[in-house]
Amino acid sequence: MLDHLVARTPKATGKAAGKATPILPLSEKTLAAWLKSQSATLLAWIKAAGFKAKPGTFVLLPDDAGRATRILAGVEDGLDRWSLAGLPAALPVGLYQLEEEDLSPAQASAHAFAWAMGCYRFARYRSDAKEFATMVWPKGADRAAVERTARAIGLGRDLINTPAEDMGPEHLQKAVEKVGAAYKAKVTSIVGDALLKQNYPTIHAVGRGAATTGVRAPRLIDLSWKGTGGEKGPLLTLVGKGVCFDTGGLDIKPRGGMMMMKKDMGGAATVLALAQMIMDADLPLRLRLMIPAVENSISGNAIRPLDVVKTRKGITVEINDTDAEGRLILCDALAEADAQKPDLIIDMATLTGAARVALGPDLPVLFANDDDLADSLLRYGRSEGDPFWRLPLWKPYRKMLDSKVADIANCEPGAFGGAITAALYLAEFIAPTTKWLHVDTYGWTAGKGAGRPDGGEPLGIRGLYAFVADWVKQATKSAVLPKRAAPRTKPLTRAASKRPLSRPRARR
């Protein structure tokens with residue numbers, strides 16, 4: 001993706017040579033003003049082309065010899081992260097450069113991001129090559145931030161898009177190890193029957209149906225890293241559901257429900273990509289990333305309906321549905337995460353179809369036990385164009401998880417409130433005093449247009465990173481302030497409210 005964004009001296013990069021063709025971004029509003037100063041010939045050309053500056057459209061303006069000398073590109077008013085994403089594939093291969101006279105640094109970064117995303121293609125199994133046009137980095141663009149974000153999204157997409165044959169638990173472990181090695185993080189894994197010896201019984205119970213040894217064996221992947229804050233930085237723990245393929249187990253899914261289940265490790269892919277962003281930016285925090293990685297398969301030793309499993313926390317769970325396996329592997333990881341008393345836990349999982357029924361594929365569902373943190377993440381999601389939507393941890397629904405033979409059931413027997421009851425199940429393994437955000441995501445996108453091709457998508461990652469970057473800033477600031485000089489307003493709420501695109505907190 002980033003190979004098609006080059007420095008201002010293209011000859012030095014070896015990527016392109018010669019003069020760059022200028023691209024002028026215009027919205028429907030700014031087009032009208034620009035047309036007033038153009039020649040009749042040019043006006044006739046633009047009219048004949050039907051160009052009205054609708055976002056994502058473009059027109060080539062030729063010279064007398066018919067060569068393209070300028071590109072007009074339609075964009076949205078305000079901060080536009082996607083309208084230019086179609087250009088790298090649509091324009092003739094060559095070198096291009098934005099006209100930057102009225103381009104703010106934020107918009108320069110957004111257009112560079114769009115160009116990078118427009119060059120994404122999951123080509124691991126394709127024999128046909130695809131060439132893209134190249135653009136010079138715009139002046140004022142935050143190159144480090146754009147590169148960090150594009151690489152993370154590319155990583156998340158590649159992991160989710162890879163079929164389970166090449167993305168089993170061991171492959172996922174190697175992906176974590178590769179990211180960890182790049183930032184000198186420590187990565188360990190507990191594999192197969194060692195999960196029982198070290199008291200991670202529900203991870204083992206779900207994954208044993210695939211294998212207890214080898215590539216398909218269940219495992220808990222654990223990454224630890226310290227930023228510039230060292231031991232003094234706040235501790236953030238990320239947990240991601242890593243079900244590399246989900247048949248549903250003995251409660252087998254129908255064919256239609258199983259078709260996309262290579263994406264059931266989308267939560268793991270997203271938190272790994274987020275961890276990469278955090279480490280790349282060297283945020284002053286302590287980071288722990290935990291991924292329980294399994295395949296939920298059908299075999300003679302697979303977990304059965306109505307089996308009872310004792311979890312790491314000691315809570316016994318009756319298995320009402322073997323297809324509600326994600327919360328089972330997460331509960332052991334969350335119990336271990338909580339035991340370390342982190343400052344914040346964020347878990348992500350492709351957990352429930354109920355969340356998709358409620359909000360559709362584009363909006364990850366947010367659950368939280370802290371209103372200020374939830375409000376802050378929602379604001380950052382909106383400002384980054386990467387939104388979440390909050391649902392309640394509605395405690396009266398906890399009784400839906402009652403079991404007659406165990407402490408809790410892994411899912412409700414009916415069809416109501418499935419996303420909420422799944423979150424309530426996970427809440428049993430988090431201390432009430434631990435700040436916790438749970439995101440139920442789809443991990444996939446379809447029909448979103450250029451830059452967002454059909455396939456795996458680490459939804460919410462831009463909003464999450466912006467939230468974490470501000471959270472650590474506020475947590476560090478609070479840690480060094482004397483107690484008598486405590487902030488008058490709550491952490492994160494104050495900082496997030498100053499962001500240009502944030503909204504005031506809604507009254508409930």
# chains A, B, ... in the order shown; residues from 1 in each chain; ligands from 1
call {"tool": "residues_around", "arguments": {"residues": "Ile203 (chain A)", "least_positions_apart": "4", "cutoff": "7 Å", "atoms": "only C-alpha atoms", "output": "PyMOL selection string"}}
result
chain A and resi 207+218+292+328-329+332
call {"tool": "residues_around", "arguments": {"residues": "region 265-277 of chain A", "least_positions_apart": "6", "cutoff": "8 Å", "atoms": "only C-alpha atoms", "output": "VMD selection string"}}
result
chain A and resid 148 to 149 152 to 153 155 to 157 159 to 160 176 179 238 to 245 287 289 291 293 347 to 350 441 to 444 456 to 459 461 464 to 465
call {"tool": "select_by_dssp", "arguments": {"residues": "region 1-176 of chain A", "states": "alpha helix (DSSP H)", "output": "MDAnalysis selection string"}}
result
chainID A and resid 10:13 28:35 40:49 87:90 105:118 143:161 169:176
call {"tool": "atom_distance", "arguments": {"atom1": "CA of Gly233 (chain A)", "atom2": "CA of Ala475 (chain A)"}}
result
8.4 Å
call {"tool": "residues_around", "arguments": {"residues": "region 111-116 of chain A", "least_positions_apart": "6", "cutoff": "10 Å", "atoms": "only C-alpha atoms", "output": "NGL selection string"}}
result
:A and (1-5 or 25 or 75 or 79-89 or 98 or 103 or 105 or 132-138 or 141-143 or 145-147 or 149-151 or 154 or 450-452)
call {"tool": "atom_distance", "arguments": {"atom1": "CA of Gly326 (chain A)", "atom2": "CA of Ala409 (chain A)"}}
result
13.5 Å
call {"tool": "atom_distance", "arguments": {"atom1": "CA of Ala68 (chain A)", "atom2": "CA of Glu101 (chain A)"}}
result
20.7 Å
call {"tool": "closest_residue", "arguments": {"among": "A:Gly353, A:Gly118, A:Pro392, A:Pro387", "to": "Gly257 (chain A)", "atoms": "only C-alpha atoms"}}
result
A:Gly353
call {"tool": "residues_around", "arguments": {"residues": "region 180-188 of chain A", "least_positions_apart": "5", "cutoff": "7 Å", "atoms": "only C-alpha atoms", "output": "VMD selection string"}}
result
chain A and resid 221 to 225 279
call {"tool": "residues_around", "arguments": {"residues": "Gly229 (chain A)", "least_positions_apart": "3", "cutoff": "9 Å", "atoms": "only C-alpha atoms", "output": "list in words"}}
result
Lys226, Lys232, Gly233, Pro234, Leu283, Pro284, Leu285, Arg286 and Thr476 of chain A
call {"tool": "select_by_dssp", "arguments": {"residues": "region 288-428 of chain A", "states": "strand (DSSP E)", "output": "JSON, numbers by chain"}}
result
{"A": [288, 289, 290, 291, 292, 293, 294, 295, 296, 308, 309, 310, 316, 317, 318, 344, 345, 346, 347, 348, 349, 365, 366, 367, 368, 389, 390, 408, 409]}
call {"tool": "write_last_selection", "arguments": {"atoms": "N, CA and C atoms", "output": "PDB file, in the first residue's frame"}}
result
ATOM      1  N   ARG A 288      -0.142  -5.365  27.543  1.00  0.00           N
ATOM      2  CA  ARG A 288      -0.246  -6.819  27.518  1.00  0.00           C
ATOM      3  C   ARG A 288      -1.318  -7.187  26.503  1.00  0.00           C
ATOM      4  N   LEU A 289      -1.003  -8.098  25.628  1.00  0.00           N
ATOM      5  CA  LEU A 289      -1.924  -8.588  24.605  1.00  0.00           C
ATOM      6  C   LEU A 289      -2.114 -10.078  24.814  1.00  0.00           C
ATOM      7  N   MET A 290      -3.376 -10.497  24.934  1.00  0.00           N
ATOM      8  CA  MET A 290      -3.678 -11.912  25.156  1.00  0.00           C
ATOM      9  C   MET A 290      -4.653 -12.391  24.091  1.00  0.00           C
ATOM     10  N   ILE A 291      -4.274 -13.468  23.404  1.00  0.00           N
ATOM     11  CA  ILE A 291      -5.128 -14.043  22.363  1.00  0.00           C
ATOM     12  C   ILE A 291      -5.307 -15.531  22.628  1.00  0.00           C
ATOM     13  N   PRO A 292      -6.482 -15.945  23.097  1.00  0.00           N
ATOM     14  CA  PRO A 292      -6.784 -17.378  23.134  1.00  0.00           C
ATOM     15  C   PRO A 292      -7.124 -17.823  21.713  1.00  0.00           C
ATOM     16  N   ALA A 293      -6.331 -18.734  21.155  1.00  0.00           N
ATOM     17  CA  ALA A 293      -6.456 -19.131  19.757  1.00  0.00           C
ATOM     18  C   ALA A 293      -6.846 -20.608  19.675  1.00  0.00           C
ATOM     19  N   VAL A 294      -7.950 -20.881  18.994  1.00  0.00           N
ATOM     20  CA  VAL A 294      -8.478 -22.246  18.893  1.00  0.00           C
ATOM     21  C   VAL A 294      -9.152 -22.419  17.536  1.00  0.00           C
ATOM     22  N   GLU A 295      -9.475 -23.673  17.217  1.00  0.00           N
ATOM     23  CA  GLU A 295     -10.478 -23.977  16.200  1.00  0.00           C
ATOM     24  C   GLU A 295     -11.610 -24.721  16.892  1.00  0.00           C
ATOM     25  N   ASN A 296     -12.829 -24.325  16.610  1.00  0.00           N
ATOM     26  CA  ASN A 296     -13.992 -24.991  17.189  1.00  0.00           C
ATOM     27  C   ASN A 296     -14.454 -26.052  16.196  1.00  0.00           C
ATOM     28  N   VAL A 308     -20.274 -29.610  31.651  1.00  0.00           N
ATOM     29  CA  VAL A 308     -19.948 -28.556  32.610  1.00  0.00           C
ATOM     30  C   VAL A 308     -18.435 -28.433  32.690  1.00  0.00           C
ATOM     31  N   VAL A 309     -17.948 -27.233  32.544  1.00  0.00           N
ATOM     32  CA  VAL A 309     -16.508 -26.957  32.564  1.00  0.00           C
ATOM     33  C   VAL A 309     -16.212 -25.991  33.701  1.00  0.00           C
ATOM     34  N   LYS A 310     -15.153 -26.261  34.433  1.00  0.00           N
ATOM     35  CA  LYS A 310     -14.708 -25.331  35.469  1.00  0.00           C
ATOM     36  C   LYS A 310     -13.703 -24.369  34.857  1.00  0.00           C
ATOM     37  N   THR A 316     -18.077 -22.525  37.518  1.00  0.00           N
ATOM     38  CA  THR A 316     -18.447 -23.641  36.649  1.00  0.00           C
ATOM     39  C   THR A 316     -19.466 -23.174  35.613  1.00  0.00           C
ATOM     40  N   VAL A 317     -19.306 -23.686  34.393  1.00  0.00           N
ATOM     41  CA  VAL A 317     -20.132 -23.240  33.266  1.00  0.00           C
ATOM     42  C   VAL A 317     -20.794 -24.438  32.606  1.00  0.00           C
ATOM     43  N   GLU A 318     -22.110 -24.359  32.471  1.00  0.00           N
ATOM     44  CA  GLU A 318     -22.844 -25.365  31.714  1.00  0.00           C
ATOM     45  C   GLU A 318     -22.876 -24.930  30.247  1.00  0.00           C
ATOM     46  N   LEU A 344      -6.766  -0.721  32.582  1.00  0.00           N
ATOM     47  CA  LEU A 344      -7.871  -0.824  31.632  1.00  0.00           C
ATOM     48  C   LEU A 344      -7.738  -2.132  30.856  1.00  0.00           C
ATOM     49  N   ILE A 345      -8.864  -2.819  30.667  1.00  0.00           N
ATOM     50  CA  ILE A 345      -8.942  -3.989  29.802  1.00  0.00           C
ATOM     51  C   ILE A 345      -9.858  -3.644  28.632  1.00  0.00           C
ATOM     52  N   ILE A 346      -9.404  -3.929  27.428  1.00  0.00           N
ATOM     53  CA  ILE A 346     -10.243  -3.832  26.237  1.00  0.00           C
ATOM     54  C   ILE A 346     -10.241  -5.198  25.562  1.00  0.00           C
ATOM     55  N   ASP A 347     -11.406  -5.778  25.384  1.00  0.00           N
ATOM     56  CA  ASP A 347     -11.466  -7.015  24.617  1.00  0.00           C
ATOM     57  C   ASP A 347     -12.293  -6.796  23.363  1.00  0.00           C
ATOM     58  N   MET A 348     -11.915  -7.522  22.307  1.00  0.00           N
ATOM     59  CA  MET A 348     -12.643  -7.452  21.038  1.00  0.00           C
ATOM     60  C   MET A 348     -12.922  -8.867  20.554  1.00  0.00           C
ATOM     61  N   ALA A 349     -14.136  -9.054  20.028  1.00  0.00           N
ATOM     62  CA  ALA A 349     -14.519 -10.398  19.605  1.00  0.00           C
ATOM     63  C   ALA A 349     -15.625 -10.325  18.570  1.00  0.00           C
ATOM     64  N   VAL A 365     -20.442  -3.090  18.445  1.00  0.00           N
ATOM     65  CA  VAL A 365     -21.195  -2.822  19.668  1.00  0.00           C
ATOM     66  C   VAL A 365     -20.217  -2.638  20.828  1.00  0.00           C
ATOM     67  N   LEU A 366     -20.435  -1.607  21.606  1.00  0.00           N
ATOM     68  CA  LEU A 366     -19.598  -1.326  22.772  1.00  0.00           C
ATOM     69  C   LEU A 366     -20.372  -1.585  24.049  1.00  0.00           C
ATOM     70  N   PHE A 367     -19.755  -2.331  24.960  1.00  0.00           N
ATOM     71  CA  PHE A 367     -20.244  -2.478  26.328  1.00  0.00           C
ATOM     72  C   PHE A 367     -19.146  -1.966  27.254  1.00  0.00           C
ATOM     73  N   ALA A 368     -19.522  -1.350  28.356  1.00  0.00           N
ATOM     74  CA  ALA A 368     -18.524  -0.778  29.258  1.00  0.00           C
ATOM     75  C   ALA A 368     -19.071  -0.725  30.669  1.00  0.00           C
ATOM     76  N   TRP A 389     -21.233   1.850  18.759  1.00  0.00           N
ATOM     77  CA  TRP A 389     -22.537   2.174  19.331  1.00  0.00           C
ATOM     78  C   TRP A 389     -22.684   1.383  20.622  1.00  0.00           C
ATOM     79  N   ARG A 390     -23.082   2.080  21.679  1.00  0.00           N
ATOM     80  CA  ARG A 390     -23.113   1.436  22.999  1.00  0.00           C
ATOM     81  C   ARG A 390     -24.454   0.763  23.270  1.00  0.00           C
ATOM     82  N   ILE A 408     -23.200 -20.948  36.167  1.00  0.00           N
ATOM     83  CA  ILE A 408     -23.659 -20.094  35.078  1.00  0.00           C
ATOM     84  C   ILE A 408     -23.752 -20.933  33.815  1.00  0.00           C
ATOM     85  N   ALA A 409     -24.604 -20.535  32.879  1.00  0.00           N
ATOM     86  CA  ALA A 409     -24.653 -21.150  31.555  1.00  0.00           C
ATOM     87  C   ALA A 409     -23.906 -20.253  30.574  1.00  0.00           C
TER      88      ALA A 409
END
call {"tool": "closest_residue", "arguments": {"among": "A:Gly230, A:Asp280, A:Thr445, A:Ala110", "to": "Gly385 (chain A)", "atoms": "only C-alpha atoms"}}
result
A:Ala110
call {"tool": "residues_around", "arguments": {"residues": "region 323-325 of chain A", "least_positions_apart": "3", "cutoff": "8 Å", "atoms": "only C-alpha atoms", "output": "JSON, numbers by chain"}}
result
{"A": [206, 246, 247, 248, 249, 250, 251, 252, 253, 296, 328, 329, 410, 411]}
